[in-house]
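Encoded as structure tokens, the structure appears first; notes follow it.
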Amino acid sequence: MADLLENNSSLEFLDLSYNELSDEDCKQIKRGLESNQTLKTLNLRGNQISERGCEYLASALTTNMHLQTLDISHNTIGDCGASSFCHILSDYDNLKELHLEKCGITDKGCVAISDALTSNHSLAALYLSNNTIRDEGCEALADFLTTNNSLQTLYLNLCSINRSGLHRLLVVLCHDNFSLRTLGVCYNNIETNNDDLVQDGFEAVDIRNALNRALEYNTDRKILTWGKALC
């Protein structure tokens with residue numbers, strides 16, 4: 001496969017998902033990517049890649065400036081693996097989509113990603129669902145969104161976000177960010193009922209009002225998903 005990437009001059013899409021690829025396999029993919037000039041999408045979802053494999057891939061992208069979509073979801077890369085891509089996110093102007101779902105990323109890794117993205121002006125879609133990024137990670141993403149105008153899709157489903165993190169995100173969407181089109185926050189810890197009106201200092205009505213304002217002041221929003229999150 002590495003030889004194919006090195007020598008092929010037409011391939012644009014490569015799906016290697018669920019093939020039990022290891023970090024050593026990523027080392028070979030790195031060799032191919034460093035020479036390849038055509039590949040735009042690389043799917044490595046559901047393999048056995050760890051932080052070491054991420055280091056190889058990130059290193060390859062310092063010389064390969066053509067890849068637009070990278071999916072490394074459902075690999076146990078953790079915060080260290082996610083952080084390997086931070087310098088790429090800071091300097092790499094061609095990456096449009098990054099999939100990091102269910103990768104064992106915590107709020108620490110999410111903060112590092114958010115900091116790196118402050119200087120990125122190309123990423124249009126970021127998928128972080130099913131990671132434990134909690135409120136700190138969500139608030140870091142909100143801070144990044146205050147100055148970003150390229151990200152259009154953000155998925156944060158199943159991320160252990162509470163009302164304070166969601167509230168911060170909605171406030172940014174009310175006043176500071178008008179580029180985000182799709183936001184997913186399903187299955188987070190922000191559900192309310194009649195017996196639980198206040199959590200972490202935020203009443204249910206505060207969340208609803210922030211949501212209403214986010215929709216009122218930005219008529220370009222296309223998709224908002226809140227299933228099992230807010231009632």
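Residues are referred to by chain and number: the chain letter is A, B, ... according to the order shown in the structure tokens, the number counts from 1 in that chain, and ligands are numbered separately from 1 in the order shown.
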
Set out as a tab-separated table a contact list for stretch 64-148 of chain A and stretch 22-30 of chain A with a cut-off of 12 Å, giving each residue of stretch 64-148 of chain A that qualifies its closest atom pair and distance in Å to one decimal, counting only C-alpha atoms, ordered by chain and rising residue number.
residue	atom	partner	partner_atom	distance
A:Asn64	CA	A:Lys30	CA	9.6
A:Ile72	CA	A:Cys26	CA	11.2
A:Asn75	CA	A:Ser22	CA	10.0
A:Thr76	CA	A:Ser22	CA	11.1
A:Ile77	CA	A:Asp23	CA	10.4
A:Gly81	CA	A:Asp23	CA	11.4

What residues in stretch 63-135 of chain A get the DSSP label alpha helix (DSSP H)? Please answer as a tab-separated table (two decimals) with N, CA and C atoms, in the first residue's frame.
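So states_37.tsv came out as:
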chain	number	residue	atom	x	y	z
A	78	GLY	N	-5.87	8.66	22.32
A	78	GLY	CA	-5.77	9.46	23.54
A	78	GLY	C	-5.39	10.90	23.28
A	79	ASP	N	-5.12	11.62	24.36
A	79	ASP	CA	-4.76	13.04	24.26
A	79	ASP	C	-3.43	13.25	23.54
A	80	CYS	N	-2.48	12.36	23.81
A	80	CYS	CA	-1.15	12.50	23.18
A	80	CYS	C	-1.25	12.32	21.66
A	81	GLY	N	-2.05	11.35	21.24
A	81	GLY	CA	-2.23	11.15	19.81
A	81	GLY	C	-2.90	12.33	19.16
A	82	ALA	N	-3.95	12.85	19.80
A	82	ALA	CA	-4.64	14.02	19.27
A	82	ALA	C	-3.72	15.22	19.19
A	83	SER	N	-2.87	15.36	20.21
A	83	SER	CA	-1.94	16.50	20.24
A	83	SER	C	-0.90	16.44	19.13
A	84	SER	N	-0.65	15.23	18.61
A	84	SER	CA	0.31	15.09	17.50
A	84	SER	C	-0.13	15.89	16.28
A	86	CYS	N	-1.67	18.76	16.39
A	86	CYS	CA	-1.85	20.18	16.69
A	86	CYS	C	-1.01	21.10	15.80
A	87	HIS	N	0.25	20.72	15.57
A	87	HIS	CA	1.06	21.60	14.73
A	87	HIS	C	0.60	21.55	13.28
A	88	ILE	N	-0.03	20.42	12.88
A	88	ILE	CA	-0.61	20.34	11.55
A	88	ILE	C	-1.81	21.27	11.45
A	89	LEU	N	-2.64	21.27	12.48
A	89	LEU	CA	-3.81	22.14	12.47
A	89	LEU	C	-3.42	23.61	12.48
A	90	SER	N	-2.26	23.91	13.04
A	90	SER	CA	-1.80	25.29	13.07
A	90	SER	C	-1.28	25.76	11.71
A	91	ASP	N	-0.63	24.84	10.97
A	91	ASP	CA	0.09	25.24	9.75
A	91	ASP	C	-0.50	24.68	8.46
A	107	ASP	N	-10.75	16.39	28.07
A	107	ASP	CA	-10.75	17.85	27.96
A	107	ASP	C	-9.34	18.39	27.68
A	108	LYS	N	-8.31	17.72	28.20
A	108	LYS	CA	-6.93	18.17	27.96
A	108	LYS	C	-6.59	18.15	26.48
A	109	GLY	N	-6.91	17.06	25.81
A	109	GLY	CA	-6.64	16.97	24.38
A	109	GLY	C	-7.48	17.94	23.59
A	110	CYS	N	-8.73	18.15	24.01
A	110	CYS	CA	-9.61	19.07	23.31
A	110	CYS	C	-9.12	20.51	23.43
A	111	VAL	N	-8.60	20.87	24.59
A	111	VAL	CA	-8.03	22.21	24.78
A	111	VAL	C	-6.84	22.42	23.85
A	112	ALA	N	-5.99	21.39	23.74
A	112	ALA	CA	-4.82	21.49	22.84
A	112	ALA	C	-5.26	21.65	21.39
A	113	ILE	N	-6.26	20.90	20.97
A	113	ILE	CA	-6.79	21.02	19.61
A	113	ILE	C	-7.37	22.41	19.38
A	114	SER	N	-8.13	22.90	20.34
A	114	SER	CA	-8.76	24.21	20.21
A	114	SER	C	-7.71	25.31	20.09
A	115	ASP	N	-6.67	25.21	20.90
A	115	ASP	CA	-5.59	26.21	20.84
A	115	ASP	C	-4.92	26.20	19.47
A	116	ALA	N	-4.69	25.00	18.94
A	116	ALA	CA	-4.04	24.89	17.63
A	116	ALA	C	-4.92	25.47	16.53
A	117	LEU	N	-6.22	25.30	16.67
A	117	LEU	CA	-7.15	25.75	15.63
A	117	LEU	C	-7.31	27.26	15.56
A	134	ARG	N	-15.92	17.04	28.23
A	134	ARG	CA	-16.53	17.75	29.35
A	134	ARG	C	-16.64	19.27	29.08
A	135	ASP	N	-16.95	20.02	30.13
A	135	ASP	CA	-17.20	21.46	29.97
A	135	ASP	C	-15.93	22.22	29.57

**Study point:** Minimum-distance residue to A:His167, chosen among A:Ala142, A:Leu4, A:Leu67, A:Leu126 (using only C-alpha atoms)
**Key:** A:Ala142

Practice item. Write out as JSON, numbers by chain which residues come within 12 Å of A:His99 when counting only C-alpha atoms, dropping same-chain ones fewer than 3 positions away. Key: {"A": [41, 42, 43, 44, 45, 46, 68, 69, 70, 71, 72, 73, 74, 75, 82, 85, 95, 96, 102, 103, 123, 124, 125, 126, 127, 128, 129, 130, 131, 153, 154, 155, 156]}

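Residue nearest A:Asp15 within the list A:His121, A:Arg213, A:Lys40, A:Arg31: A:Lys40 [criterion: smallest interatomic distance, only C-alpha atoms].
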
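Distance annotation: of A:Ile133, A:Leu211, A:Leu16, A:Ile190, the residue with the minimal separation from A:Leu169 is A:Leu211; atom set is only C-alpha atoms.
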
Practice item. State, in Å with one decimal place, the distance from atom CA of A:Ala60 to atom CA of A:Thr106. Key: 24.9 Å

Review point. If we count only C-alpha atoms, what is near A:Ser179 at a cut-off of 8 Å, once residues fewer than 6 positions away on the same chain are taken out, given as a PyMOL selection string?
Key: chain A and resi 148-152

Quick one: write out the picked residues with N, CA, C and O atoms as a PDB file, in the first residue's frame?
ATOM      1  N   ASN A 148     -13.006  32.290  14.757  1.00  0.00           N
ATOM      2  CA  ASN A 148     -12.938  31.441  13.573  1.00  0.00           C
ATOM      3  C   ASN A 148     -14.109  31.691  12.634  1.00  0.00           C
ATOM      4  O   ASN A 148     -15.233  31.906  13.075  1.00  0.00           O
ATOM      5  N   ASN A 149     -13.844  31.657  11.339  1.00  0.00           N
ATOM      6  CA  ASN A 149     -14.921  31.828  10.352  1.00  0.00           C
ATOM      7  C   ASN A 149     -14.895  30.763   9.267  1.00  0.00           C
ATOM      8  O   ASN A 149     -15.504  30.945   8.211  1.00  0.00           O
ATOM      9  N   SER A 150     -14.193  29.632   9.536  1.00  0.00           N
ATOM     10  CA  SER A 150     -14.123  28.571   8.528  1.00  0.00           C
ATOM     11  C   SER A 150     -14.877  27.308   8.939  1.00  0.00           C
ATOM     12  O   SER A 150     -15.412  26.607   8.087  1.00  0.00           O
ATOM     13  N   LEU A 151     -14.936  27.010  10.250  1.00  0.00           N
ATOM     14  CA  LEU A 151     -15.584  25.778  10.692  1.00  0.00           C
ATOM     15  C   LEU A 151     -17.098  25.882  10.483  1.00  0.00           C
ATOM     16  O   LEU A 151     -17.741  26.811  10.962  1.00  0.00           O
ATOM     17  N   GLN A 152     -17.648  24.904   9.776  1.00  0.00           N
ATOM     18  CA  GLN A 152     -19.076  24.885   9.493  1.00  0.00           C
ATOM     19  C   GLN A 152     -19.804  23.722  10.164  1.00  0.00           C
ATOM     20  O   GLN A 152     -21.024  23.774  10.333  1.00  0.00           O
TER      21      GLN A 152
END
